[in-house]
Each structure stands twice: as C-alpha cells, then as structure tokens.
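To be precise, the following lines are query17.txt, and they hold compact mmCIF, C-alpha atoms and all ligand atoms.
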```
# COMPACT_ATOMS: atom_id res chain seq x y z
CA MET M 95 0.00 0.00 0.00
CA VAL M 96 1.17 3.51 -0.82
CA ALA M 97 -0.02 6.25 1.55
CA ARG M 98 0.00 9.87 0.39
CA ILE M 99 0.36 12.59 3.01
CA SER M 100 0.03 16.30 2.30
CA PRO M 101 0.34 19.15 4.77
CA ARG M 102 -3.28 19.90 5.64
CA GLY M 103 -3.15 22.04 8.78
CA ALA M 104 -3.56 21.49 12.50
CA LEU M 105 -4.36 18.18 14.20
CA ARG M 106 -7.14 18.49 16.74
CA GLY M 107 -9.17 16.05 18.77
CA THR M 108 -9.24 13.34 21.41
CA ILE M 109 -7.87 9.95 20.54
CA ARG M 110 -7.05 6.52 21.97
CA VAL M 111 -4.25 4.37 20.65
CA PRO M 112 -4.16 0.55 20.51
CA GLY M 113 -3.27 -1.39 23.64
CA ASP M 114 0.39 -1.49 24.61
CA LYS M 115 2.22 -4.05 22.52
CA SER M 116 4.81 -5.01 25.15
CA ILE M 117 2.18 -5.47 27.88
CA SER M 118 -0.21 -7.39 25.59
CA HIS M 119 2.49 -9.96 24.71
CA ARG M 120 3.36 -10.45 28.37
CA TYR M 121 -0.22 -10.76 29.65
CA ALA M 122 -1.05 -13.31 26.92
CA MET M 123 2.03 -15.49 27.55
CA LEU M 124 1.73 -15.36 31.33
CA ALA M 125 -2.03 -16.04 31.16
CA ALA M 126 -1.26 -19.13 29.04
CA VAL M 127 1.06 -20.56 31.73
CA SER M 128 -1.16 -19.52 34.63
CA GLU M 129 -3.52 -21.78 36.59
CA VAL M 130 -6.73 -19.87 35.74
CA ASP M 131 -8.85 -18.34 32.97
CA VAL M 132 -7.93 -14.74 32.24
CA THR M 133 -9.76 -12.09 30.22
CA ILE M 134 -7.51 -9.41 28.77
CA HIS M 135 -9.19 -6.14 27.75
CA ASN M 136 -7.82 -3.64 25.23
CA TYR M 137 -5.38 -6.25 23.90
CA SER M 138 -3.21 -4.75 21.12
CA THR M 139 -4.79 -5.01 17.67
CA GLY M 140 -1.34 -5.02 16.05
CA ALA M 141 -0.19 -7.98 13.97
CA ASP M 142 2.69 -8.64 16.41
CA CYS M 143 0.38 -9.42 19.31
CA GLN M 144 -1.77 -11.57 17.01
CA SER M 145 1.41 -13.54 16.28
CA THR M 146 1.74 -14.24 20.00
CA LEU M 147 -1.87 -15.51 20.15
CA GLY M 148 -1.24 -17.65 17.05
CA VAL M 149 1.84 -19.23 18.64
CA LEU M 150 0.00 -19.90 21.92
CA ALA M 151 -2.96 -21.44 20.06
CA ALA M 152 -0.55 -23.71 18.14
CA LEU M 153 0.81 -24.80 21.54
CA GLY M 154 -2.68 -25.99 22.50
CA VAL M 155 -3.78 -22.99 24.58
CA PRO M 156 -7.55 -22.34 24.25
CA ILE M 157 -8.06 -18.71 23.22
CA GLU M 158 -11.24 -16.80 22.41
CA GLN M 159 -10.98 -13.37 20.86
CA GLN M 160 -13.66 -10.76 20.27
CA GLY M 161 -12.16 -7.55 19.01
CA THR M 162 -9.76 -6.31 21.66
CA THR M 163 -11.01 -8.72 24.34
CA VAL M 164 -9.06 -11.96 24.61
CA ARG M 165 -9.92 -14.84 26.92
CA ILE M 166 -7.12 -17.30 27.63
CA ARG M 167 -7.40 -20.60 29.49
CA GLY M 168 -4.25 -21.06 31.57
CA GLN M 169 -2.48 -24.39 31.14
CA GLY M 170 0.03 -24.17 33.98
CA LEU M 171 3.79 -23.76 33.55
CA LYS M 172 4.31 -27.03 31.66
CA GLY M 173 0.91 -27.40 30.02
CA PHE M 174 1.81 -26.56 26.40
CA ARG M 175 1.23 -29.34 23.84
CA THR M 176 3.70 -30.31 21.11
CA PRO M 177 2.77 -28.12 18.12
CA ALA M 178 1.85 -29.85 14.87
CA THR M 179 3.60 -27.19 12.77
CA ILE M 180 6.54 -24.80 12.87
CA LEU M 181 5.57 -21.90 15.14
CA ASP M 182 5.37 -18.55 13.34
CA ALA M 183 6.30 -15.33 15.19
CA GLY M 184 5.68 -13.21 12.07
CA ASN M 185 7.46 -9.86 12.39
CA SER M 186 7.61 -9.97 16.17
CA GLY M 187 10.93 -10.02 18.02
CA THR M 188 9.12 -9.94 21.36
CA THR M 189 7.08 -13.05 20.47
CA ILE M 190 10.05 -15.19 19.45
CA ARG M 191 12.40 -14.03 22.22
CA LEU M 192 9.94 -14.31 25.10
CA ILE M 193 8.18 -17.54 24.11
CA THR M 194 11.53 -19.27 23.55
CA GLY M 195 12.22 -18.69 27.25
CA LEU M 196 9.07 -20.63 28.11
CA LEU M 197 9.63 -23.32 25.46
CA ALA M 198 13.22 -24.04 26.55
CA GLY M 199 11.92 -25.73 29.72
CA GLN M 200 9.05 -27.81 28.28
CA ASN M 201 9.07 -31.60 27.73
CA PHE M 202 9.02 -31.50 23.93
CA SER M 203 10.91 -30.17 20.90
CA CYS M 204 9.60 -27.61 18.44
CA GLN M 205 10.69 -25.03 15.89
CA ILE M 206 9.92 -21.33 15.64
CA THR M 207 10.53 -18.90 12.80
CA GLY M 208 9.20 -15.61 11.44
CA ASP M 209 9.05 -13.34 8.39
CA ALA M 210 12.06 -12.26 6.32
CA SER M 211 12.82 -9.33 8.67
CA LEU M 212 12.67 -11.48 11.81
CA ARG M 213 14.85 -14.15 10.20
CA ARG M 214 17.62 -11.52 9.93
CA ARG M 215 17.47 -10.54 13.62
CA PRO M 216 19.97 -11.88 16.17
CA MET M 217 18.81 -14.65 18.50
CA ASP M 218 22.21 -15.65 19.91
CA ARG M 219 21.47 -13.09 22.63
CA ILE M 220 18.77 -15.45 24.00
CA VAL M 221 20.33 -18.76 22.93
CA GLU M 222 23.43 -18.07 25.05
CA PRO M 223 21.73 -17.52 28.45
CA LEU M 224 19.20 -20.30 27.80
CA ARG M 225 22.05 -22.73 27.09
CA ARG M 226 23.66 -21.74 30.36
CA MET M 227 20.39 -22.67 32.04
CA GLY M 228 20.56 -26.14 30.48
CA GLY M 229 18.39 -25.38 27.44
CA GLN M 230 19.18 -26.89 24.06
CA ILE M 231 18.49 -24.45 21.26
CA LEU M 232 19.88 -24.49 17.75
CA ALA M 233 19.83 -21.34 15.64
CA ARG M 234 20.49 -20.98 11.90
CA ASP M 235 24.19 -20.09 11.51
CA GLY M 236 24.31 -20.10 15.32
CA ARG M 237 22.48 -16.79 15.34
CA TYR M 238 19.23 -16.44 13.40
CA PRO M 239 15.73 -17.97 13.21
CA PRO M 240 14.46 -20.57 12.62
CA LEU M 241 15.22 -21.83 16.11
CA GLU M 242 15.03 -25.50 17.02
CA ILE M 243 14.13 -25.75 20.68
CA HIS M 244 14.60 -29.03 22.54
CA GLY M 245 12.87 -28.72 25.90
CA ARG M 246 15.10 -29.67 28.84
CA PRO M 247 15.00 -29.28 32.64
CA LEU M 248 16.39 -25.80 33.39
CA HIS M 249 18.44 -24.56 36.30
CA ALA M 250 18.77 -21.07 37.70
CA ILE M 251 21.68 -18.84 36.69
CA GLU M 252 22.90 -15.32 37.34
CA TYR M 253 23.07 -13.57 34.00
CA HIS M 254 24.65 -10.18 33.25
CA LEU M 255 23.00 -8.84 30.10
CA PRO M 256 25.64 -7.88 27.52
CA VAL M 257 23.09 -5.65 25.71
CA ALA M 258 20.39 -3.43 27.19
CA SER M 259 17.38 -5.44 26.04
CA ALA M 260 14.05 -5.93 27.76
CA GLN M 261 13.37 -8.85 25.44
CA VAL M 262 16.48 -10.74 26.54
CA LYS M 263 15.87 -9.88 30.20
CA SER M 264 12.28 -11.12 29.87
CA CYS M 265 13.30 -14.31 28.08
CA VAL M 266 15.63 -15.25 30.95
CA LEU M 267 13.04 -14.31 33.62
CA LEU M 268 10.36 -16.42 31.89
CA ALA M 269 12.77 -19.36 31.60
CA GLY M 270 13.47 -18.74 35.31
CA LEU M 271 9.84 -19.62 36.05
CA LEU M 272 10.58 -23.14 34.80
CA ALA M 273 14.02 -23.40 36.45
CA ASP M 274 15.00 -24.75 39.84
CA GLY M 275 15.93 -22.01 42.30
CA LEU M 276 16.48 -18.27 41.97
CA THR M 277 17.26 -16.84 38.52
CA THR M 278 19.03 -13.47 38.54
CA VAL M 279 19.33 -11.01 35.67
CA VAL M 280 21.57 -7.96 35.95
CA GLU M 281 20.89 -5.12 33.51
CA PRO M 282 23.58 -2.69 32.30
CA VAL M 283 20.98 0.13 32.29
CA PRO M 284 17.28 -0.02 33.15
CA THR M 285 14.98 -1.19 30.34
CA ARG M 286 11.19 -1.45 30.26
CA ASP M 287 10.04 -3.43 33.29
CA HIS M 288 6.62 -4.70 32.18
CA THR M 289 7.67 -8.33 32.69
CA GLU M 290 8.66 -7.71 36.30
CA ILE M 291 5.42 -5.81 37.00
CA ALA M 292 3.27 -8.46 35.30
CA LEU M 293 5.04 -11.32 37.09
CA ARG M 294 4.32 -9.65 40.44
CA GLU M 295 0.69 -9.11 39.39
CA PHE M 296 0.42 -12.79 38.44
CA GLY M 297 1.71 -13.83 41.87
CA ALA M 298 5.31 -14.81 41.11
CA GLU M 299 8.04 -14.03 43.63
CA ILE M 300 10.17 -11.36 42.00
CA GLN M 301 12.49 -8.80 43.52
CA ARG M 302 14.46 -5.89 42.12
CA ASP M 303 17.53 -4.50 43.85
CA GLY M 304 19.10 -1.76 41.74
CA GLN M 305 19.93 -3.35 38.40
CA ARG M 306 19.48 -6.92 39.74
CA ILE M 307 16.22 -8.75 39.25
CA VAL M 308 15.61 -12.10 40.94
CA VAL M 309 12.73 -14.48 40.18
CA LYS M 310 11.90 -17.73 41.98
CA GLY M 311 11.12 -20.83 39.91
CA SER M 312 7.96 -22.98 39.90
CA PRO M 313 5.37 -20.41 41.00
CA ARG M 314 1.67 -21.09 40.63
CA LEU M 315 0.52 -18.10 38.62
CA ARG M 316 -2.89 -16.75 39.66
CA PRO M 317 -3.54 -13.35 38.11
CA PRO M 318 -6.73 -11.31 38.51
CA GLU M 319 -9.51 -12.69 36.28
CA GLN M 320 -9.71 -9.43 34.32
CA LEU M 321 -6.69 -7.52 33.06
CA HIS M 322 -6.73 -4.15 31.26
CA VAL M 323 -3.96 -3.12 28.86
CA PRO M 324 -3.20 0.64 28.74
CA GLY M 325 -2.74 2.44 25.40
CA ASP M 326 0.69 2.17 23.83
CA LEU M 327 2.88 5.22 24.53
CA SER M 328 5.13 4.25 21.61
CA SER M 329 2.09 4.61 19.31
CA ALA M 330 1.03 7.82 21.06
CA ALA M 331 4.55 9.11 20.29
CA PHE M 332 3.57 9.72 16.65
CA TRP M 333 0.71 11.99 17.76
CA LEU M 334 2.84 13.72 20.39
CA VAL M 335 5.44 14.65 17.78
CA ALA M 336 2.89 15.46 15.07
CA ALA M 337 0.92 17.81 17.34
CA THR M 338 4.14 19.43 18.55
CA ILE M 339 5.43 20.28 15.07
CA VAL M 340 2.20 21.10 13.17
CA PRO M 341 1.25 24.66 14.19
CA ASN M 342 -2.01 25.22 16.14
CA SER M 343 -2.48 21.55 16.96
CA TYR M 344 -4.13 20.34 20.15
CA LEU M 345 -4.66 16.68 21.05
CA VAL M 346 -5.64 14.68 24.08
CA ILE M 347 -4.55 11.04 24.04
CA GLU M 348 -6.58 9.06 26.54
CA GLN M 349 -5.65 6.06 28.69
CA VAL M 350 -1.98 5.81 27.74
CA GLY M 351 0.52 3.66 29.62
CA LEU M 352 2.97 5.92 31.48
CA ASN M 353 5.28 3.37 33.07
CA PRO M 354 8.38 5.40 34.11
CA THR M 355 10.68 3.16 32.02
CA ARG M 356 8.71 4.32 28.96
CA ALA M 357 7.59 7.82 29.98
CA ALA M 358 11.13 9.21 29.66
CA LEU M 359 9.72 10.17 26.26
CA LEU M 360 7.51 12.83 27.86
CA ASP M 361 10.39 14.25 29.91
CA PHE M 362 12.62 14.33 26.86
CA LEU M 363 10.02 16.10 24.72
CA GLN M 364 9.35 18.60 27.53
CA SER M 365 13.09 19.23 27.90
CA MET M 366 13.10 20.24 24.24
CA GLY M 367 10.26 22.72 24.83
CA ALA M 368 7.25 20.57 23.87
CA ARG M 369 3.99 21.54 25.60
CA ILE M 370 2.82 18.26 27.08
CA ARG M 371 0.80 17.69 30.25
CA VAL M 372 -0.41 14.56 31.98
CA LEU M 373 -4.04 15.22 32.91
CA HIS M 374 -4.97 12.26 34.98
CA LEU M 375 -2.82 9.53 36.42
CA GLU M 376 -3.80 6.24 38.04
CA GLN M 377 -2.31 2.83 38.67
CA ARG M 378 -3.73 -0.35 37.13
CA HIS M 379 -2.17 -3.77 37.68
CA GLY M 380 1.02 -2.01 38.80
CA GLU M 381 1.25 0.07 35.59
CA LEU M 382 0.67 3.85 35.48
CA VAL M 383 -2.03 5.03 33.07
CA GLY M 384 -3.06 8.59 32.21
CA HIS M 385 -4.37 11.07 29.65
CA VAL M 386 -1.76 13.13 27.85
CA GLU M 387 -2.43 16.59 26.41
CA VAL M 388 -0.18 18.08 23.75
CA GLN M 389 -0.19 21.37 21.88
CA SER M 390 2.15 22.69 19.26
CA ALA M 391 5.30 24.48 20.35
CA PRO M 392 8.72 25.32 18.94
CA VAL M 393 11.31 22.77 20.07
CA ARG M 394 14.99 23.32 20.70
CA GLY M 395 16.51 19.93 19.84
CA GLY M 396 18.49 17.57 22.02
CA VAL M 397 20.84 14.67 22.59
CA ILE M 398 19.86 11.04 23.24
CA GLU M 399 22.73 9.00 24.66
CA GLY M 400 23.73 6.63 27.47
CA ALA M 401 20.90 5.16 29.54
CA LEU M 402 18.34 7.42 27.83
CA THR M 403 18.88 5.67 24.50
CA ALA M 404 17.48 2.38 25.89
CA GLN M 405 14.41 4.16 27.24
CA LEU M 406 13.61 5.90 23.94
CA ILE M 407 14.70 3.12 21.60
CA ASP M 408 11.35 2.67 19.82
CA GLU M 409 10.65 6.41 19.52
CA ILE M 410 13.93 7.38 17.86
CA PRO M 411 12.59 7.26 14.26
CA VAL M 412 9.86 9.82 14.97
CA LEU M 413 12.20 11.87 17.18
CA ALA M 414 14.58 12.08 14.20
CA VAL M 415 11.78 13.74 12.23
CA LEU M 416 11.23 16.15 15.12
CA GLY M 417 14.98 16.84 15.17
CA ALA M 418 14.98 17.96 11.54
CA VAL M 419 12.42 20.71 12.20
CA SER M 420 13.74 21.65 15.67
CA GLN M 421 15.98 24.66 16.32
CA ASN M 422 19.21 22.80 17.02
CA GLY M 423 18.69 19.29 15.69
CA LEU M 424 18.94 15.86 17.28
CA THR M 425 21.98 13.75 18.10
CA VAL M 426 21.58 10.06 18.92
CA ARG M 427 24.44 8.00 20.38
CA ASN M 428 24.92 4.50 21.91
CA ALA M 429 22.13 3.25 19.67
CA ALA M 430 23.76 0.39 17.73
CA GLU M 431 20.68 -1.66 18.71
CA LEU M 432 18.72 0.38 16.14
CA ARG M 433 20.58 -1.55 13.45
CA VAL M 434 18.92 -4.85 14.48
CA LYS M 435 15.32 -3.70 14.81
CA GLU M 436 12.56 -4.46 12.26
CA SER M 437 14.81 -2.60 9.82
CA ASP M 438 18.27 -1.10 10.25
CA ARG M 439 16.69 2.05 11.66
CA ILE M 440 19.85 4.18 11.43
CA ALA M 441 19.94 3.46 7.69
CA THR M 442 16.18 3.71 7.05
CA VAL M 443 15.79 6.96 9.00
CA ALA M 444 18.73 8.50 7.11
CA GLU M 445 17.65 7.28 3.65
CA ASN M 446 14.13 8.57 4.09
CA LEU M 447 15.11 11.94 5.56
CA ARG M 448 17.51 12.36 2.62
CA ALA M 449 14.73 11.37 0.19
CA MET M 450 12.75 14.29 1.64
CA GLY M 451 15.68 16.65 1.05
CA ALA M 452 17.10 16.73 4.58
CA GLN M 453 20.68 16.24 5.72
CA VAL M 454 21.74 13.53 8.17
CA GLU M 455 25.15 12.37 9.34
CA ILE M 456 25.28 8.73 10.44
CA TRP M 457 27.64 6.63 12.55
CA GLU M 458 27.70 2.96 13.49
CA ASP M 459 25.87 3.72 16.75
CA GLY M 460 23.76 6.74 15.94
CA PHE M 461 23.22 9.86 13.86
CA HIS M 462 22.95 13.62 13.85
CA VAL M 463 20.07 15.43 12.17
CA PRO M 464 20.71 19.18 11.94
CA GLY M 465 17.76 21.42 12.88
CA LYS M 466 15.85 24.10 10.93
CA GLN M 467 15.61 21.89 7.85
CA ARG M 468 12.96 22.14 5.18
CA LEU M 469 11.40 18.81 4.28
CA ARG M 470 10.59 18.76 0.58
CA GLY M 471 8.23 15.78 0.39
CA GLY M 472 8.92 12.99 -2.11
CA THR M 473 8.90 9.20 -2.00
CA VAL M 474 9.96 7.35 1.13
CA ASN M 475 9.95 3.62 1.89
CA SER M 476 8.93 1.91 5.14
CA CYS M 477 11.30 -0.99 4.35
CA GLY M 478 8.63 -3.14 6.01
CA ASP M 479 9.14 -1.35 9.35
CA HIS M 480 6.00 -0.10 11.14
CA ARG M 481 7.71 2.69 13.04
CA ILE M 482 9.41 4.00 9.89
CA ALA M 483 6.06 4.09 8.02
CA MET M 484 4.43 6.13 10.80
CA ALA M 485 7.42 8.40 11.51
CA PHE M 486 7.47 9.49 7.86
CA ALA M 487 3.71 10.05 7.82
CA VAL M 488 4.42 12.58 10.57
CA ALA M 489 7.22 14.09 8.45
CA GLY M 490 4.75 14.40 5.57
CA LEU M 491 2.55 16.67 7.70
CA VAL M 492 5.23 19.38 7.75
CA ALA M 493 6.67 18.86 4.25
CA GLU M 494 6.36 21.42 1.46
CA ALA M 495 4.78 18.96 -1.00
CA GLU M 496 3.20 15.52 -0.99
CA THR M 497 5.00 12.59 0.66
CA GLU M 498 4.41 9.14 -0.75
CA ILE M 499 5.04 6.28 1.71
CA VAL M 500 5.72 2.98 -0.02
CA GLY M 501 4.93 -0.03 2.18
CA ALA M 502 2.66 1.99 4.47
CA GLU M 503 0.78 -1.20 5.45
CA ALA M 504 3.73 -2.02 7.75
CA ALA M 505 1.97 0.25 10.30
CA ASN M 506 -0.43 -2.67 10.94
CA VAL M 507 2.31 -4.42 12.92
CA SER M 508 1.59 -2.17 15.91
CA TYR M 509 -1.11 0.30 14.83
CA PRO M 510 -3.83 -0.88 12.43
CA GLY M 511 -5.96 2.14 11.56
CA PHE M 512 -3.12 4.63 11.97
CA PHE M 513 -3.70 6.32 8.60
CA ASP M 514 -7.48 6.54 9.17
CA ALA M 515 -6.88 8.01 12.62
CA LEU M 516 -4.60 10.60 11.03
CA GLN M 517 -7.27 11.64 8.50
CA ALA M 518 -9.82 11.96 11.33
CA LEU M 519 -7.58 14.40 13.25
CA LEU M 520 -6.91 16.65 10.24
CA PRO M 521 -9.24 19.42 9.03
CA ARG M 522 -11.81 18.27 6.44
C1 LIG U 1 10.42 -4.71 23.65
C2 LIG U 1 11.72 -4.38 23.91
C3 LIG U 1 12.53 -3.58 22.99
C4 LIG U 1 11.65 -2.82 22.01
C5 LIG U 1 10.59 -3.68 21.39
C6 LIG U 1 9.69 -4.25 22.47
C7 LIG U 1 9.71 -5.55 24.65
O1 LIG U 1 13.38 -4.45 22.25
O2 LIG U 1 12.44 -2.27 20.98
O3 LIG U 1 9.80 -2.92 20.51
O4 LIG U 1 8.47 -5.66 24.57
O5 LIG U 1 10.39 -6.11 25.52
P1 LIG U 1 14.83 -4.90 22.81
O6 LIG U 1 14.61 -5.67 24.04
O7 LIG U 1 15.42 -5.75 21.72
O8 LIG U 1 15.59 -3.62 23.03
```
Turn the structure described in the file into structure tokens.
Amino acid sequence: MVARISPRGALRGTIRVPGDKSISHRYAMLAAVSEVDVTIHNYSTGADCQSTLGVLAALGVPIEQQGTTVRIRGQGLKGFRTPATILDAGNSGTTIRLITGLLAGQNFSCQITGDASLRRRPMDRIVEPLRRMGGQILARDGRYPPLEIHGRPLHAIEYHLPVASAQVKSCVLLAGLLADGLTTVVEPVPTRDHTEIALREFGAEIQRDGQRIVVKGSPRLRPPEQLHVPGDLSSAAFWLVAATIVPNSYLVIEQVGLNPTRAALLDFLQSMGARIRVLHLEQRHGELVGHVEVQSAPVRGGVIEGALTAQLIDEIPVLAVLGAVSQNGLTVRNAAELRVKESDRIATVAENLRAMGAQVEIWEDGFHVPGKQRLRGGTVNSCGDHRIAMAFAVAGLVAEAETEIVGAEAANVSYPGFFDALQALLPR
C-alpha cells in the first residue's frame, strides 16, 4: 500500500491508541502458563500481538478473541502441547524471544521462525543464556531464526545482560519460572520493566535491587480474572510529535501507559520545549495510566545518549523527524541496537530523511540530524518497518509537498488504523 500525506493544517481532537504491545504480549504469555482463565481487555490489535496468540494457540492454549477482548485458558507452567507445525512469530521479536524462554523448559521439541525481517534478527542473545540454564536451542548459523528448541529441565543462573534489552531480560526471567531455584538477571541500564510488574501481578516471587532482578522458579501463577492493557505510549509518540510540530495543533490522548521506564519520552520532549501535560494519572495492575495533552510548540533539539537511549529506543525514528524541524537538531548515540530492529533504523531513517531533502550524518551507533531543515516531500519507503512508516507520515505533515510512503501497510504491525486516525484528526 502507498499512503500519500500532504500538509493539511492542525491536528485536533481526542484519541485513543491501541493497547500497549509489550504489555499485551506479556499478559497473553503469562495467562497461558497460569492456573486460571484470564480475560484481557484492550489487547493490542497489532499484527505482532496476534502472532503471540497464534503461537499460543498452536501450543494448545484455548483462546477466544472478540475484538480487543481476549480470553485465555491457563495451562500451567508445563501445560503446552507439542505443536503440529513450525511456530510462526511473524514480524515480532518480542514473540520469538519471550516464548523461547518458556519453550526451553518444556518436555518437547519444536521449531519457531518468522518473516524475512525477523529471520535476519539476532537470537544468539537469547540462545546463550538459555544454554547456560541447560536449554538446548539451535539457531540458523548459530544466530538467526528458525530456532530449534529441545525442551530440557532448566536450572537457575545469574546472567549479566551484555546488551540493554528488555526482550532478553524477559526471556531469561520467563525461563526462570521453569528453572530450579532463583534466577538473577543484571541489567547494564534499566529497560522497560513490564515483565517484572506483570510477574508480580500474576503472583510470582520477584524482587528488584538496583539493576538486579531475581525471580523464583515454579510459581503457581494466579492473576486477577480481568486484566486491562493501557494504550501504547510508543504509538502515542507519533501523535505527540505530530501535534508538537504542526502549528495550532491540540490533542488529548486518553488512557496511555505511562510506566516510568517508557515515559522518559515525555520528559525528553518537555526538555526540548514541547507543551505536554499529563491530565490524569492512576495505577492499574502495577502500571501507570493517564491522559496526555499536547499542543504545538517550537522545540529546541536535544541529545539522546547513554541510559536514555534504551528508554527511547522505539521512539527514535519519529524523534529524528522532530529533530529535523527543531531549532538545534537531534543527536543520537549509543544506539547500535537500532541496526537490528525491524529494519536497520539508522539506515532507514537516514535514507528517508535524505529522500525528503534533509541532511543527516550517520555513525555505526547513531546519527545527527541538523535542525531548521525544510522537508521537501517525495517518496519514502517503510522498508517493512512499522515505526518508519508512521514516523514518515508525521514528516509528511510538515513537508512542502506531498510525501508518498511505499509499504505503508507495515503500520499494521503495531497500529492498524493509523492512517485513518490521522485523517480523522486533520481538518476536512
Ligand atoms: C520490547 C523491547 C525492545 C523494544 C521492542 C519491544 C519488549 O526491544 O524495541 O519494541 O516488549 O520487551 P529490545 O529488548 O530488543 O531492546
């Protein structure tokens, strides 16, 4: 699908975004290994979270879905059945990396793969700690999907993450549920902690002490019968940036997840001069949820580096667009992880900004986008990456001429309906 975006004036309105992708994956997987029936409300409509449900169904987990409400019958920690086919994680890194943690400790063998993008993404980062736990996992060329997982009894380890990755941390913690004893993960910098919060909510024994997280094996997971997923702040990020840079815009985004390990985005935008306010804040299942108000404002620019990079990792493509129209531009450092996302996001951000007439300097671990740039419009390509498709839709709103986004359907991975939502917020 090709989407065409022209500058049409201010964005105004009240909007909700799909349920948080990270939390949806975790609630579904933990519900599947719990002892009870769980109903999850506002489950993400994105293709990634459907991949998780597809994998769980193939493992024999009874699932009923009506729109964004998903009912899952828990099978206990070792209740999965041998799948009849190769499991398919689609485009979803979170699906393959987290479920492999649970599969490593089952009593059967299976295989899991994904689409062309996922088959290029590194899995040695989970294979290595799972092997240390006693798991037997074979990866293509020692590194990539498909993975062949031979279930084995697991034992607890202490693992120091070599990369800041919530997916790897979560994989080891989930494997820790099936292991004997206390599994410890030590993070180099804090990453999103939805797994830890969900595990506590489901009744597991889990403790955090600074950068160390310890989980006890063999819990009986008994979550509340009803769970509610907050809106996805990483999806709201497109509206926050769009409303900031399109003059006279005013938006309220309702019921968004504001977990502090994700909400660094709001602080960062505010530090650049963005006019953003949280209107209402409450806690649900250990996660913060609120309404966020944004109105247009000139922004100065900024630097993303060190621990901040891990906290903003998914928002960097749209922040790069913001950087180009800011006063002083945006510098991103310590972000080599961007190269192994759904696309090589350093390359795809740079190619697309250049296609719109902007300048970008890139390095192995980041880039610099000078500020005060005029975006010409033109043809950009999502390269199959949902966040690139949506980031450049936002760029199209402030370009001088039409922007054509090739592969715009990639947005469906996390935000089906994104382009319709955009039309609804623009003047008629
Ligand atoms: C995610 C963690 C991050 C993030 C991804 C979702 C998660 O990946 O980019 O979109 O749900 O744990 P990494 O753990 O690879 O950094």
**Study point:** All residues having an atom within 6 Å of ligand LIG 1 (chain U) (only C-alpha atoms and all ligand atoms) as a list of chain:residue names
**Key:**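 Checking only C-alpha atoms and all ligand atoms against ligand LIG 1 (chain U) at 6 Å gives M:Ser116, M:Thr188, M:Ser259, M:Ala260, M:Gln261, M:Val262, M:Ile407, M:Asp408.
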Exercise for review: Rank nothing, just name the residue among M:Gly501, M:Leu491, M:Glu242, M:Pro156 nearest to Thr338 (chain M), using only C-alpha atoms.
Suggested key: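 Nearest candidate to Thr338 (chain M) out of M:Gly501, M:Leu491, M:Glu242, M:Pro156: M:Leu491.
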Exercise for review: Rank M:Asp479, M:Asp131, M:Glu455, M:Glu381 by their smallest atom-to-atom distance to His322 (chain M), using only C-alpha atoms, and report the top residue only.
Suggested key: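 Ranking M:Asp479, M:Asp131, M:Glu455, M:Glu381 by distance to His322 (chain M), first place goes to M:Glu381.
For region 493-499 of chain M, the set of protein, DNA and RNA residues having any atom at most 7 Å away, when counting all atoms listed in the file and skipping those fewer than 4 positions along the same chain, is Val96, Ala97, Arg98, Ile99, Ser100, Pro101, Leu469, Arg470, Gly471, Gly472, Thr473, Val474, Asn475, Ser476, Ala483 and Ala489 of chain M.
Proximity to Val335 (chain M) was assessed for M:Pro313, M:Gly417, M:Gly173, M:Pro216 counting all atoms listed in the file; the smallest distance is recorded for M:Gly417.
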Check your understanding: When distances are computed from all atoms listed in the file, which of M:Arg213, M:Lys466, M:Arg394, M:His249 shows the smallest separation from Arg234 (chain M)?
Key ->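 Comparing M:Arg213, M:Lys466, M:Arg394, M:His249 against Arg234 (chain M), the winner is M:Arg213.
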Point to revise | d(CA of Phe174 (chain M), CA of Pro324 (chain M)) in Å | key: 27.8 Å
Exercise for review: Give the answer as one residue: which of M:Arg102, M:Arg191, M:Arg468, M:His288 has the shortest atom-to-atom distance to Tyr121 (chain M), using all atoms listed in the file?
Suggested key: M:His288
Using all atoms listed in the file, collect all residues at a distance of at most 9 Å from (3.2, -16.9, 13.5) as written in the file, then present them as a JSON list (two decimals) with C-alpha atoms, in the coordinates of the input.
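Ended up saving to part.json:
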```json
[["chain", "number", "residue", "atom", "x", "y", "z"],
["M", 142, "ASP", "CA", 2.69, -8.64, 16.41],
["M", 144, "GLN", "CA", -1.77, -11.57, 17.01],
["M", 145, "SER", "CA", 1.41, -13.54, 16.28],
["M", 146, "THR", "CA", 1.74, -14.24, 20.00],
["M", 147, "LEU", "CA", -1.87, -15.51, 20.15],
["M", 148, "GLY", "CA", -1.24, -17.65, 17.05],
["M", 149, "VAL", "CA", 1.84, -19.23, 18.64],
["M", 180, "ILE", "CA", 6.54, -24.80, 12.87],
["M", 181, "LEU", "CA", 5.57, -21.90, 15.14],
["M", 182, "ASP", "CA", 5.37, -18.55, 13.34],
["M", 183, "ALA", "CA", 6.30, -15.33, 15.19],
["M", 184, "GLY", "CA", 5.68, -13.21, 12.07],
["M", 185, "ASN", "CA", 7.46, -9.86, 12.39],
["M", 186, "SER", "CA", 7.61, -9.97, 16.17],
["M", 189, "THR", "CA", 7.08, -13.05, 20.47],
["M", 206, "ILE", "CA", 9.92, -21.33, 15.64],
["M", 207, "THR", "CA", 10.53, -18.90, 12.80],
["M", 208, "GLY", "CA", 9.20, -15.61, 11.44],
["M", 209, "ASP", "CA", 9.05, -13.34, 8.39]]
```
Exercise for review: Find, counting only C-alpha atoms, the residue in M:Glu299, M:Asp459, M:Glu445, M:Glu436 that gets nearest to Gly400 (chain M).
Suggested key: M:Asp459
Practice item. Please indicate the distance in Å from CA of Leu402 (chain M) to CA of Gly423 (chain M), rounded to one decimal place. Key: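 Taking CA of Leu402 (chain M) as the start and CA of Gly423 (chain M) as the end point, the length is 17.0 Å.
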Exercise for review: Just the residues within 9 Å of Val412 (chain M), please, counting all atoms listed in the file, with nothing from its chain fewer than 4 positions along; format it as a PyMOL selection string.
Suggested key: chain M and resi 331-332+335-336+408+416-417+443+481-482+484-486+488-489
Serialized selection, C-alpha atoms, as a short mmCIF file (atom, residue, chain, number, x, y, z; two decimals), in the frame of the given file:
```cif
data_model
loop_
_atom_site.label_atom_id
_atom_site.label_comp_id
_atom_site.auth_asym_id
_atom_site.auth_seq_id
_atom_site.Cartn_x
_atom_site.Cartn_y
_atom_site.Cartn_z
CA ALA M 331 4.55 9.11 20.29
CA PHE M 332 3.57 9.72 16.65
CA VAL M 335 5.44 14.65 17.78
CA ALA M 336 2.89 15.46 15.07
CA ASP M 408 11.35 2.67 19.82
CA LEU M 416 11.23 16.15 15.12
CA GLY M 417 14.98 16.84 15.17
CA VAL M 443 15.79 6.96 9.00
CA ARG M 481 7.71 2.69 13.04
CA ILE M 482 9.41 4.00 9.89
CA MET M 484 4.43 6.13 10.80
CA ALA M 485 7.42 8.40 11.51
CA PHE M 486 7.47 9.49 7.86
CA VAL M 488 4.42 12.58 10.57
CA ALA M 489 7.22 14.09 8.45
#
```
